[in-house]
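**Student:** For reference, this is entry.txt, and it has compact mmCIF, C-alpha atoms.
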# COMPACT_ATOMS: atom_id res chain seq x y z
CA MET A 23 62.06 -19.65 21.23
CA ARG A 24 64.63 -22.29 20.27
CA LEU A 25 65.30 -25.44 22.25
CA PHE A 26 69.03 -25.84 22.66
CA PHE A 27 71.55 -28.63 23.18
CA VAL A 28 69.78 -30.17 26.15
CA THR A 29 66.87 -31.12 23.89
CA LEU A 30 69.12 -32.87 21.41
CA SER A 31 70.91 -34.63 24.24
CA SER A 32 67.56 -36.05 25.34
CA LEU A 33 67.16 -37.48 21.86
CA PHE A 34 70.48 -39.31 22.13
CA PHE A 35 69.55 -40.71 25.54
CA LEU A 36 66.37 -42.16 24.11
CA THR A 37 68.03 -43.64 21.04
CA SER A 38 71.11 -45.12 22.66
CA GLY A 39 69.76 -46.72 25.81
CA THR A 40 72.00 -44.51 27.98
CA LEU A 41 68.99 -43.20 29.84
CA PHE A 42 68.03 -46.69 30.92
CA ALA A 43 71.48 -47.74 32.01
CA GLN A 44 72.14 -44.63 34.10
CA GLN A 45 69.10 -44.74 36.38
CA ASP A 46 69.68 -45.66 40.02
CA SER A 47 67.97 -48.57 41.75
CA THR A 48 65.29 -46.43 43.40
CA ARG A 49 64.17 -44.52 40.29
CA ARG A 50 63.89 -47.06 37.50
CA ILE A 51 61.53 -45.14 35.23
CA PRO A 52 60.16 -46.90 32.13
CA ALA A 53 60.47 -44.49 29.21
CA SER A 54 59.88 -44.34 25.50
CA PRO A 55 60.09 -41.94 22.57
CA LEU A 56 56.82 -40.80 20.91
CA SER A 57 55.59 -39.55 24.26
CA PHE A 58 53.17 -37.19 22.46
CA LEU A 59 50.95 -40.23 21.90
CA THR A 60 50.32 -40.36 25.66
CA PHE A 61 49.40 -36.67 26.10
CA ALA A 62 45.69 -36.09 26.75
CA PRO A 63 44.59 -34.25 23.60
CA ASP A 64 41.14 -32.89 24.51
CA ALA A 65 40.00 -30.45 27.17
CA ARG A 66 37.16 -32.52 28.63
CA SER A 67 39.24 -35.49 29.77
CA ALA A 68 42.23 -33.25 30.52
CA ALA A 69 40.05 -31.44 33.09
CA LEU A 70 39.13 -34.81 34.64
CA GLY A 71 42.67 -35.68 35.69
CA GLU A 72 43.38 -37.02 32.19
CA ALA A 73 40.93 -39.90 32.62
CA GLY A 74 38.55 -40.95 29.87
CA VAL A 75 38.47 -44.71 29.23
CA ALA A 76 34.96 -45.17 30.68
CA LEU A 77 33.69 -41.59 30.27
CA SER A 78 30.42 -41.05 28.35
CA PRO A 79 31.18 -40.97 24.61
CA ASP A 80 31.85 -37.98 22.38
CA ALA A 81 34.00 -37.44 19.29
CA ASN A 82 37.22 -37.76 21.31
CA ALA A 83 36.36 -41.35 22.18
CA SER A 84 38.54 -42.16 19.15
CA TYR A 85 41.54 -41.40 21.40
CA TRP A 86 40.36 -42.63 24.82
CA ASN A 87 38.35 -45.70 23.92
CA ALA A 88 37.16 -46.19 20.36
CA ALA A 89 34.69 -48.87 21.46
CA LYS A 90 32.50 -46.07 22.86
CA LEU A 91 31.81 -44.50 19.46
CA PRO A 92 28.63 -46.49 18.58
CA TYR A 93 27.02 -45.17 21.79
CA ASN A 94 27.22 -41.55 20.66
CA THR A 95 23.75 -40.00 20.50
CA LYS A 96 24.59 -38.05 17.33
CA ASP A 97 25.22 -39.62 13.91
CA PHE A 98 28.26 -37.47 13.11
CA GLY A 99 30.75 -35.53 15.18
CA VAL A 100 33.99 -33.61 14.73
CA SER A 101 36.33 -32.12 17.33
CA ALA A 102 39.49 -30.00 17.22
CA SER A 103 41.81 -29.46 20.21
CA TYR A 104 44.82 -27.21 20.81
CA THR A 105 47.36 -27.26 23.64
CA PRO A 106 50.34 -24.89 23.97
CA TRP A 107 53.03 -27.19 25.42
CA LEU A 108 55.49 -26.15 28.16
CA ARG A 109 54.28 -22.63 27.50
CA HIS A 110 56.01 -21.03 30.49
CA LEU A 111 59.35 -22.36 29.15
CA VAL A 112 59.03 -22.01 25.36
CA ASP A 113 56.65 -20.32 22.96
CA ASP A 114 56.69 -22.57 19.90
CA MET A 115 55.70 -26.04 21.14
CA TRP A 116 52.10 -27.20 20.77
CA LEU A 117 49.90 -30.25 20.55
CA GLY A 118 46.97 -30.50 18.14
CA TYR A 119 44.28 -33.15 17.73
CA LEU A 120 41.59 -33.40 15.08
CA THR A 121 39.03 -36.20 15.01
CA ALA A 122 35.75 -37.02 13.27
CA TYR A 123 33.43 -40.01 13.54
CA LYS A 124 30.43 -41.29 11.56
CA LYS A 125 27.91 -43.81 12.84
CA LEU A 126 26.91 -46.59 10.43
CA GLY A 127 23.44 -47.44 11.60
CA ASP A 128 22.83 -47.95 15.30
CA ARG A 129 25.61 -50.42 16.09
CA GLN A 130 28.73 -49.39 14.15
CA ALA A 131 30.97 -46.37 13.77
CA VAL A 132 34.10 -45.32 11.91
CA ALA A 133 36.49 -42.49 12.73
CA LEU A 134 39.56 -40.69 11.44
CA SER A 135 41.90 -38.71 13.68
CA PHE A 136 45.18 -36.86 13.50
CA ASN A 137 47.66 -36.16 16.32
CA TYR A 138 50.28 -33.49 15.69
CA PHE A 139 53.05 -32.40 18.02
CA ASN A 140 55.28 -29.44 17.16
CA ASN A 141 58.50 -29.63 19.21
CA GLY A 142 59.59 -26.18 18.10
CA GLU A 143 62.79 -25.10 16.42
CA LEU A 144 65.88 -26.96 17.58
CA ASP A 145 69.32 -25.38 17.73
CA LEU A 146 71.40 -28.44 16.83
CA ARG A 147 74.79 -28.53 18.51
CA ASN A 148 77.58 -31.08 18.80
CA ALA A 149 79.37 -32.21 21.95
CA GLN A 150 81.64 -29.13 21.78
CA GLY A 151 78.64 -26.80 21.73
CA ASP A 152 79.11 -25.75 18.10
CA ASN A 153 75.98 -25.00 16.10
CA VAL A 154 75.40 -27.49 13.29
CA GLY A 155 72.08 -26.13 12.06
CA TYR A 156 68.44 -25.53 12.93
CA PHE A 157 65.47 -27.80 12.50
CA ASN A 158 61.74 -27.58 13.16
CA SER A 159 61.11 -30.80 15.07
CA ARG A 160 57.68 -32.42 14.65
CA GLU A 161 55.78 -35.67 15.14
CA PHE A 162 52.37 -36.90 14.02
CA ALA A 163 50.06 -39.91 13.88
CA ILE A 164 47.25 -40.65 11.41
CA ASN A 165 44.61 -42.97 12.85
CA GLY A 166 41.72 -44.94 11.34
CA THR A 167 39.11 -46.56 13.59
CA TYR A 168 36.27 -49.07 13.35
CA SER A 169 34.06 -49.98 16.30
CA ARG A 170 30.97 -52.11 16.73
CA GLN A 171 28.45 -53.09 19.36
CA LEU A 172 28.60 -56.83 19.94
CA GLY A 173 25.66 -56.79 22.33
CA ARG A 174 23.24 -54.34 23.88
CA ASN A 175 25.75 -53.26 26.51
CA PHE A 176 29.12 -54.28 25.06
CA SER A 177 31.28 -53.04 22.19
CA MET A 178 34.83 -53.26 20.85
CA GLY A 179 37.00 -51.05 18.69
CA LEU A 180 40.10 -51.31 16.55
CA THR A 181 42.40 -48.44 15.53
CA LEU A 182 45.31 -48.61 13.08
CA LYS A 183 48.01 -45.93 13.14
CA TYR A 184 50.80 -44.58 10.99
CA ILE A 185 53.28 -42.68 13.19
CA SER A 186 56.10 -40.38 12.08
CA SER A 187 58.70 -38.78 14.35
CA ASN A 188 61.05 -36.27 12.73
CA LEU A 189 63.08 -34.89 15.63
CA ALA A 190 66.23 -33.65 13.90
CA GLY A 191 65.84 -34.35 10.19
CA ASN A 192 68.87 -35.97 8.53
CA ALA A 193 71.51 -34.24 10.61
CA VAL A 194 74.90 -35.84 11.25
CA ILE A 195 76.10 -35.07 14.78
CA ASN A 196 79.10 -36.66 16.52
CA ASN A 197 79.29 -39.26 13.73
CA VAL A 198 75.67 -40.24 14.31
CA SER A 199 73.50 -40.05 11.17
CA LEU A 200 70.03 -39.16 12.36
CA SER A 201 66.89 -39.78 10.31
CA PRO A 202 63.11 -39.61 10.78
CA ALA A 203 61.53 -42.62 12.49
CA ARG A 204 58.31 -44.20 11.24
CA VAL A 205 56.24 -47.10 12.55
CA ALA A 206 52.81 -48.71 12.32
CA ALA A 207 50.81 -49.47 15.46
CA GLY A 208 47.29 -50.15 16.65
CA ASP A 209 44.81 -49.95 19.53
CA ILE A 210 42.25 -52.50 20.64
CA SER A 211 39.52 -51.38 23.01
CA ALA A 212 36.45 -52.67 24.85
CA TYR A 213 33.54 -50.93 26.56
CA TYR A 214 30.64 -52.09 28.71
CA LYS A 215 27.83 -50.04 30.19
CA LYS A 216 24.72 -50.85 32.19
CA GLU A 217 21.82 -48.43 32.70
CA PHE A 218 19.30 -48.38 35.53
CA LYS A 219 16.32 -46.03 35.04
CA ASN A 220 13.29 -45.04 37.07
CA GLU A 221 10.66 -43.79 34.63
CA ASP A 222 8.52 -42.35 37.41
CA THR A 223 11.15 -40.09 38.96
CA GLY A 224 13.41 -39.55 35.94
CA SER A 225 16.44 -40.78 37.87
CA GLU A 226 19.14 -42.74 36.07
CA LEU A 227 22.32 -44.55 37.07
CA VAL A 228 24.85 -45.69 34.48
CA TRP A 229 27.82 -47.89 35.31
CA SER A 230 30.57 -48.16 32.69
CA LEU A 231 33.77 -50.16 32.33
CA GLY A 232 36.45 -49.81 29.67
CA ALA A 233 39.86 -51.16 28.70
CA VAL A 234 42.32 -50.07 26.00
CA LEU A 235 45.62 -51.50 24.80
CA SER A 236 47.08 -48.62 22.81
CA ASN A 237 50.14 -48.08 20.59
CA LEU A 238 50.96 -51.75 20.15
CA GLY A 239 53.42 -51.85 17.28
CA GLY A 240 57.01 -52.24 16.18
CA LYS A 241 60.12 -50.55 17.51
CA ILE A 242 61.60 -47.38 16.03
CA ASN A 243 65.13 -46.23 15.25
CA TYR A 244 66.37 -42.68 14.67
CA GLY A 245 69.30 -43.59 12.44
CA SER A 246 72.60 -45.43 12.19
CA GLY A 247 74.86 -45.17 15.19
CA THR A 248 72.00 -45.05 17.67
CA GLU A 249 72.71 -48.66 18.69
CA THR A 250 69.23 -50.14 19.04
CA GLU A 251 65.61 -49.72 18.15
CA ASN A 252 63.34 -48.35 20.85
CA PHE A 253 60.02 -49.50 22.26
CA ILE A 254 57.12 -47.20 21.47
CA PRO A 255 54.74 -46.20 24.32
CA THR A 256 52.43 -49.22 24.36
CA THR A 257 50.00 -48.53 27.20
CA LEU A 258 47.31 -50.51 28.99
CA LYS A 259 44.47 -48.48 30.51
CA VAL A 260 41.52 -49.80 32.50
CA GLY A 261 38.80 -47.49 33.75
CA THR A 262 35.39 -47.41 35.30
CA GLY A 263 32.76 -44.75 35.83
CA LEU A 264 29.42 -43.91 37.41
CA SER A 265 26.93 -41.41 36.03
CA TYR A 266 23.90 -40.37 38.08
CA THR A 267 21.00 -37.99 37.69
CA GLY A 268 18.05 -37.74 40.03
CA ASP A 269 15.89 -35.44 37.96
CA GLY A 270 17.26 -35.44 34.40
CA ARG A 271 18.67 -31.93 34.81
CA ASN A 272 21.56 -32.30 37.22
CA ARG A 273 24.01 -35.07 36.36
CA PHE A 274 27.20 -36.17 38.12
CA ASN A 275 29.86 -38.27 36.41
CA PHE A 276 32.69 -39.91 38.35
CA ILE A 277 35.51 -41.75 36.55
CA ILE A 278 38.82 -43.36 37.44
CA ASP A 279 41.54 -44.80 35.17
CA PHE A 280 44.53 -47.00 35.93
CA SER A 281 47.33 -47.00 33.34
CA LYS A 282 50.64 -48.76 32.86
CA LEU A 283 53.33 -48.08 30.26
CA MET A 284 54.14 -51.48 28.76
CA VAL A 285 57.85 -51.06 28.08
CA PRO A 286 60.71 -52.82 29.89
CA THR A 287 61.72 -51.53 33.31
CA PRO A 288 65.37 -50.39 33.24
CA ASP A 289 67.60 -52.54 35.43
CA GLY A 290 70.50 -50.08 35.74
CA LYS A 291 72.88 -52.56 34.11
CA THR A 292 71.87 -53.33 30.54
CA ASN A 293 70.11 -51.70 27.61
CA VAL A 294 66.62 -53.16 27.92
CA ASN A 295 65.76 -52.00 24.39
CA THR A 296 67.58 -55.05 23.07
CA LYS A 297 64.77 -57.30 24.32
CA PRO A 298 62.54 -58.85 21.64
CA LEU A 299 59.37 -56.86 20.99
CA LEU A 300 56.71 -59.12 22.51
CA ASN A 301 58.99 -60.21 25.33
CA GLY A 302 59.61 -56.58 26.27
CA VAL A 303 55.95 -55.47 26.00
CA PHE A 304 54.17 -58.31 27.74
CA GLY A 305 57.11 -59.06 30.02
CA SER A 306 56.76 -55.52 31.40
CA PHE A 307 54.28 -56.88 33.96
CA SER A 308 56.96 -58.96 35.67
CA ASP A 309 60.39 -57.49 34.87
CA ALA A 310 60.80 -54.95 37.70
CA PRO A 311 63.92 -55.87 39.74
CA ASP A 312 62.06 -55.47 43.06
CA GLY A 313 59.16 -57.67 41.99
CA PHE A 314 55.42 -57.09 42.42
CA LYS A 315 55.85 -54.13 44.77
CA GLU A 316 57.75 -52.22 42.11
CA GLU A 317 55.36 -53.29 39.34
CA ILE A 318 52.47 -51.73 41.26
CA GLN A 319 54.45 -48.48 41.48
CA GLU A 320 54.38 -48.31 37.68
CA VAL A 321 50.59 -47.96 37.64
CA ALA A 322 49.39 -44.34 37.40
CA ILE A 323 45.97 -43.23 38.63
CA ALA A 324 43.75 -40.58 37.05
CA THR A 325 40.37 -39.61 38.46
CA GLY A 326 37.80 -36.91 37.87
CA LEU A 327 34.35 -35.57 38.73
CA GLU A 328 32.06 -33.83 36.23
CA TYR A 329 28.82 -31.94 36.89
CA TRP A 330 26.34 -31.16 34.12
CA TYR A 331 23.38 -28.80 34.32
CA ASN A 332 20.65 -29.60 31.78
CA ASN A 333 23.31 -30.98 29.40
CA ILE A 334 24.30 -27.38 28.65
CA PHE A 335 26.94 -26.36 31.17
CA ALA A 336 29.62 -28.50 32.84
CA LEU A 337 32.15 -28.03 35.65
CA ARG A 338 35.04 -30.48 36.03
CA ALA A 339 37.88 -31.29 38.43
CA GLY A 340 40.42 -34.10 38.60
CA TYR A 341 43.69 -35.46 39.92
CA PHE A 342 46.55 -37.44 38.38
CA ALA A 343 49.13 -39.32 40.46
CA GLU A 344 52.30 -41.19 39.55
CA ASN A 345 54.64 -42.87 42.04
CA LYS A 346 57.63 -40.74 43.04
CA ASN A 347 60.01 -43.48 41.84
CA LYS A 348 58.30 -43.80 38.47
CA GLY A 349 58.12 -40.26 37.14
CA ASP A 350 56.48 -38.43 40.07
CA ARG A 351 53.95 -36.51 37.96
CA GLN A 352 51.23 -35.26 40.27
CA PHE A 353 48.76 -32.55 39.40
CA PHE A 354 45.22 -31.29 39.88
CA THR A 355 43.06 -30.28 36.94
CA ALA A 356 39.96 -28.14 36.45
CA GLY A 357 37.81 -27.06 33.57
CA ALA A 358 34.41 -26.18 32.16
CA GLY A 359 32.28 -26.97 29.14
CA LEU A 360 29.41 -25.31 27.29
CA ARG A 361 26.96 -26.86 24.84
CA PHE A 362 24.58 -24.72 22.77
CA ALA A 363 22.02 -25.23 20.00
CA ASP A 364 22.38 -28.96 20.71
CA LYS A 365 25.18 -29.00 18.12
CA TYR A 366 28.13 -26.92 19.22
CA ALA A 367 30.47 -27.29 22.16
CA VAL A 368 33.51 -25.60 23.66
CA ASP A 369 35.61 -27.06 26.49
CA PHE A 370 38.50 -25.66 28.49
CA ALA A 371 40.99 -27.29 30.89
CA TYR A 372 43.82 -26.08 33.11
CA MET A 373 46.50 -27.98 35.04
CA PHE A 374 47.82 -27.27 38.56
CA PRO A 375 51.00 -29.27 39.31
CA THR A 376 51.61 -30.06 42.98
CA ARG A 377 55.32 -29.21 42.68
CA GLN A 378 56.76 -25.77 42.18
CA ASN A 379 58.68 -25.09 38.95
CA SER A 380 57.05 -28.05 37.21
CA PRO A 381 57.53 -27.91 33.41
CA LEU A 382 53.81 -28.75 33.11
CA ALA A 383 52.73 -25.61 34.97
CA GLN A 384 50.24 -23.37 33.13
CA THR A 385 49.23 -26.15 30.72
CA LEU A 386 45.86 -25.34 29.21
CA ARG A 387 43.73 -26.98 26.55
CA ILE A 388 40.79 -25.84 24.45
CA THR A 389 38.46 -28.02 22.37
CA LEU A 390 35.79 -27.04 19.84
CA SER A 391 33.24 -29.64 18.75
CA LEU A 392 30.28 -30.10 16.43
CA ALA A 393 27.75 -32.96 16.47
CA LEU A 394 24.86 -33.53 14.05
CA ASN A 395 22.12 -36.03 13.24
CA LYS A 396 21.19 -37.04 9.70
CA ALA A 397 18.01 -34.97 9.78
CA GLU A 398 19.92 -31.89 10.90
CA LYS A 399 22.35 -32.25 8.01
CA LEU A 400 19.43 -32.54 5.58
CA ASP A 401 17.92 -29.35 6.99
CA VAL A 402 21.17 -27.50 6.27
CA THR A 403 21.20 -28.76 2.68
CA ASP A 404 17.56 -27.84 2.07
CA SER A 405 18.07 -24.30 3.38
CA GLU A 406 20.75 -23.67 0.78
CA ASN A 407 18.54 -24.66 -2.19
For this file, write the structure as C-alpha cells.

**Tutor:**
Amino acid sequence: MRLFFVTLSSLFFLTSGTLFAQQDSTRRIPASPLSFLTFAPDARSAALGEAGVALSPDANASYWNAAKLPYNTKDFGVSASYTPWLRHLVDDMWLGYLTAYKKLGDRQAVALSFNYFNNGELDLRNAQGDNVGYFNSREFAINGTYSRQLGRNFSMGLTLKYISSNLAGNAVINNVSLSPARVAAGDISAYYKKEFKNEDTGSELVWSLGAVLSNLGGKINYGSGTETENFIPTTLKVGTGLSYTGDGRNRFNFIIDFSKLMVPTPDGKTNVNTKPLLNGVFGSFSDAPDGFKEEIQEVAIATGLEYWYNNIFALRAGYFAENKNKGDRQFFTAGAGLRFADKYAVDFAYMFPTRQNSPLAQTLRITLSLALNKAEKLDVTDSEN
C-alpha cells in the first residue's frame, strides 16, 4: 500500500518548523525527525511497556543500555527483531533490528547493531495533488558499542552511530530540492546493580539502576529550501528495577523507566529549530513556556512486570503513559518468551492502545535470539571435524 500526500506533508512540517509554530498553547509537543530511533525494537522490552534501561541484560542491551553488556552470562549473543509498523493502516512499513555482542573477558564487551525502518512506498505529490513520482522511503542506523565494568557493581557504555534518513530521495517538489539526511550521533550509558543472596534458602534480590543519554549528535537537513536544520531525537532515560526469586525457579522482575525527549519545546511563535545545538538540547529542561509544571508533563513513564519459570518460560505485561498535552500515547502491552537448550530464545509482544482508532493498534513484535559460551562454540567446531 502506498502512503500518499499526507505523508509527504508531514515531511515538510518537520523540515520547515511549521509544525512547531502552529501548535496551540495547551499542546506544545516536542518533536523530531528520525523517530524510528525511539521505537522499542525488541519484543521483550516492548512487552514490558517499552521499558528496559535497568532490565536484566541480554543481547538487546545494546539498544536499551549498553553498560549492561558485560553482565551477560553468555560470552556471545545475537538477536534479530521484526515489527510490522502501522499494520492495520498500511502493509509495507516495518521496523527491523539486528544486534550482536561479544564479551572480552569478564569485564568488557563490544557490540554491533543495525536499526532499519522501511517507511513504504511514497506517492509523491505537489500542492495541487499531481503525482511527481514514487519512492521507497527508508531510514537506518549503524551502531558500534564498547562497554566496561568500572567496579564490581557499576559499568558504563559508549555507542557511536551513523544515521541515514532517505525519506523522498532527490525529488524537487514545490521548488524544494529534497535530499537524504545523514548525521553522526552517540549514546552514553551507566548501570549499577546490587545483589542480595541467601545461600540457605536460594532466595535472591537484585536491585538495578540505569541511565542513558541517547542520540546526542548534530542536526539534520533534508535539502535546500527547508529553512533550517532539525534536532534529532536526543533522549534521556532513567530507570530502576527489582528482581526477586524465593526458590531459584520462580522469578519476578519489576522495572520502571522515565524518559524525556531533549529537543526544544515549541513556543507557538518562533521556529525553535534555529536554536544552537547544545542550547536547544540541554536547555530543553527549562524552556517550556509554563515552567516546571509543563516540563514535568514532558516526562513519559514506562513500566512492566515479568515472570520467569525456571528461566525457560516468561510472561510479561506493561504500561506506557504520556501526558495528554505532550503526545497522549497511552497503551498496555503483553507478551511471552521461551528459552530452550540454554541457547535459543523466542519472544513475542503485542500492544493494546487505550484509545480507539489509534494508529498503533495491532502492533506486534517478534524476536529470535541465540547465546553461546566459548566452550559451546568449541563443541560445535569439534563436531564438524

**Student:** Nearest to Thr121 (chain A) among A:Leu146, A:Ile164, A:Leu189, A:Leu200, with distances taken over only C-alpha atoms: which residue is it?

**Tutor:**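 Counting only C-alpha atoms, the residue closest to Thr121 (chain A) is A:Ile164.
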
**Student:** Please provide the set of residues having any atom within 8 Å of Thr287 (chain A), restricted to all atoms listed in the file, with same-chain residues fewer than 5 positions apart removed, written as an NGL selection string.

**Tutor:** :A and (50-52 or 294 or 306 or 309-310)

**Student:** In Å to one decimal, how far is CA of Val285 (chain A) from CA of Thr257 (chain A)?

**Tutor:**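 Atom-to-atom, CA of Thr257 (chain A) to CA of Val285 (chain A), that is 8.3 Å.
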
**Student:** Using only C-alpha atoms, which residues sit within 9 Å of region 266-272 of chain A once same-chain residues fewer than 2 positions away are excluded, as JSON, numbers by chain?

**Tutor:** {"A": [223, 224, 225, 226, 227, 228, 229, 264, 274, 275, 276, 329, 330, 331, 332, 333]}

**Student:** What lies within 6 Å of Leu180 (chain A) using all atoms listed in the file, ignoring chain neighbours under 3 positions off, as a compact mmCIF listing (two decimals) with C-alpha atoms, keeping the file's coordinate frame?

**Tutor:**
# COMPACT_ATOMS: atom_id res chain seq x y z
CA THR A 167 39.11 -46.56 13.59
CA TYR A 168 36.27 -49.07 13.35
CA ASP A 209 44.81 -49.95 19.53
CA ILE A 210 42.25 -52.50 20.64

**Student:** Using all atoms listed in the file, which residue out of A:Gln378, A:Ala358, A:Asn252, A:Ser308 lies closest to Asn293 (chain A)?

**Tutor:** A:Asn252

**Student:** Hey, can you pull every residue with an atom no more than 6 Å from (67.1, -23.7, 16.3), using only C-alpha atoms, and send it as a ChimeraX atom specification?

**Tutor:** /A:24,143-145,156-157

**Student:** Rounded to one decimal place, report the CA of Leu172 (chain A)-CA of Ser101 (chain A) distance in Å.

**Tutor:**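 Value for the CA of Leu172 (chain A)-CA of Ser101 (chain A) distance: 26.0 Å.
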
**Student:** Counting all atoms listed in the file, figure out which residue out of A:Val303, A:Leu70, A:Ala88, A:Met178 gets nearest to Gly357 (chain A).

**Tutor:**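 Closest to Gly357 (chain A) of all the choices is A:Leu70.
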
**Student:** With distances taken over all atoms listed in the file, which of A:Lys282, A:Lys297, A:Lys183, A:Lys90 is nearest to Ser211 (chain A)?

**Tutor:**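 Using all atoms listed in the file, the shortest distance to Ser211 (chain A) belongs to A:Lys90.
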
**Student:** Please determine, counting only C-alpha atoms, which residue among A:Tyr123, A:Tyr138, A:Tyr184, A:Phe335 has the shortest atom-to-atom distance to Asn94 (chain A).

**Tutor:** A:Tyr123

**Student:** Excluding Thr385 (chain A) and any residue of its chain fewer than 5 positions from it, enumerate the residues within 9 Å of it, using all atoms listed in the file, and give them as an mmCIF file with C-alpha atoms, in the frame of the given file.

**Tutor:**
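The resulting file, around.cif, is shown below:
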data_model
loop_
_atom_site.group_PDB
_atom_site.id
_atom_site.type_symbol
_atom_site.label_atom_id
_atom_site.label_comp_id
_atom_site.auth_asym_id
_atom_site.auth_seq_id
_atom_site.Cartn_x
_atom_site.Cartn_y
_atom_site.Cartn_z
ATOM 1 C CA THR A 105 47.360 -27.260 23.640
ATOM 2 C CA PRO A 106 50.340 -24.890 23.970
ATOM 3 C CA TRP A 107 53.030 -27.190 25.420
ATOM 4 C CA LEU A 108 55.490 -26.150 28.160
ATOM 5 C CA ARG A 109 54.280 -22.630 27.500
ATOM 6 C CA HIS A 110 56.010 -21.030 30.490
ATOM 7 C CA ALA A 371 40.990 -27.290 30.890
ATOM 8 C CA TYR A 372 43.820 -26.080 33.110
ATOM 9 C CA MET A 373 46.500 -27.980 35.040
ATOM 10 C CA PHE A 374 47.820 -27.270 38.560
#

**Student:** Grab the CA of Gln352 (chain A) to CA of Leu59 (chain A) distance for me, in Å with one decimal place.

**Tutor:**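 Spanning CA of Gln352 (chain A) to CA of Leu59 (chain A) is a straight-line distance of 19.0 Å.
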
**Student:** Using all atoms listed in the file, which of A:Asp64, A:Glu72, A:Asp350, A:Asp80 sits nearest Ala102 (chain A)?

**Tutor:**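 For Ala102 (chain A), the nearest of the candidates is A:Asp64.
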
**Student:** As number ranges by chain, please: the residues near Asn87 (chain A) (cut-off 9 Å, all atoms listed in the file, same-chain neighbours under 6 positions excluded).

**Tutor:** A: 74-77, 79, 178-179, 209-213, 232-234

**Student:** Only N, CA and C atoms, as a short mmCIF file (atom, residue, chain, number, x, y, z; two decimals), in the first residue's frame: that is what I want for region 304-315 of chain A.

**Tutor:**
data_model
loop_
_atom_site.label_atom_id
_atom_site.label_comp_id
_atom_site.auth_asym_id
_atom_site.auth_seq_id
_atom_site.Cartn_x
_atom_site.Cartn_y
_atom_site.Cartn_z
N PHE A 304 20.26 20.87 25.90
CA PHE A 304 20.32 20.94 27.36
C PHE A 304 19.40 22.02 27.93
N GLY A 305 19.00 22.96 27.09
CA GLY A 305 18.02 23.95 27.52
C GLY A 305 16.61 23.41 27.52
N SER A 306 16.43 22.16 27.00
CA SER A 306 15.09 21.57 26.93
C SER A 306 14.53 21.25 28.32
N PHE A 307 15.37 21.31 29.35
CA PHE A 307 14.89 21.07 30.71
C PHE A 307 14.26 22.31 31.34
N SER A 308 14.36 23.45 30.67
CA SER A 308 13.86 24.68 31.28
C SER A 308 13.26 25.66 30.29
N ASP A 309 12.86 25.17 29.10
CA ASP A 309 12.37 26.08 28.06
C ASP A 309 10.86 26.06 27.88
N ALA A 310 10.14 25.23 28.63
CA ALA A 310 8.68 25.16 28.48
C ALA A 310 8.05 26.48 28.92
N PRO A 311 7.18 27.07 28.12
CA PRO A 311 6.59 28.38 28.45
C PRO A 311 5.88 28.42 29.80
N ASP A 312 5.30 27.30 30.25
CA ASP A 312 4.60 27.29 31.53
C ASP A 312 5.47 26.81 32.69
N GLY A 313 6.78 26.75 32.47
CA GLY A 313 7.69 26.46 33.56
C GLY A 313 7.77 24.99 33.96
N PHE A 314 8.11 24.76 35.23
CA PHE A 314 8.39 23.42 35.73
C PHE A 314 7.20 22.48 35.56
N LYS A 315 6.01 22.98 35.76
CA LYS A 315 4.81 22.15 35.62
C LYS A 315 4.72 21.55 34.23
#
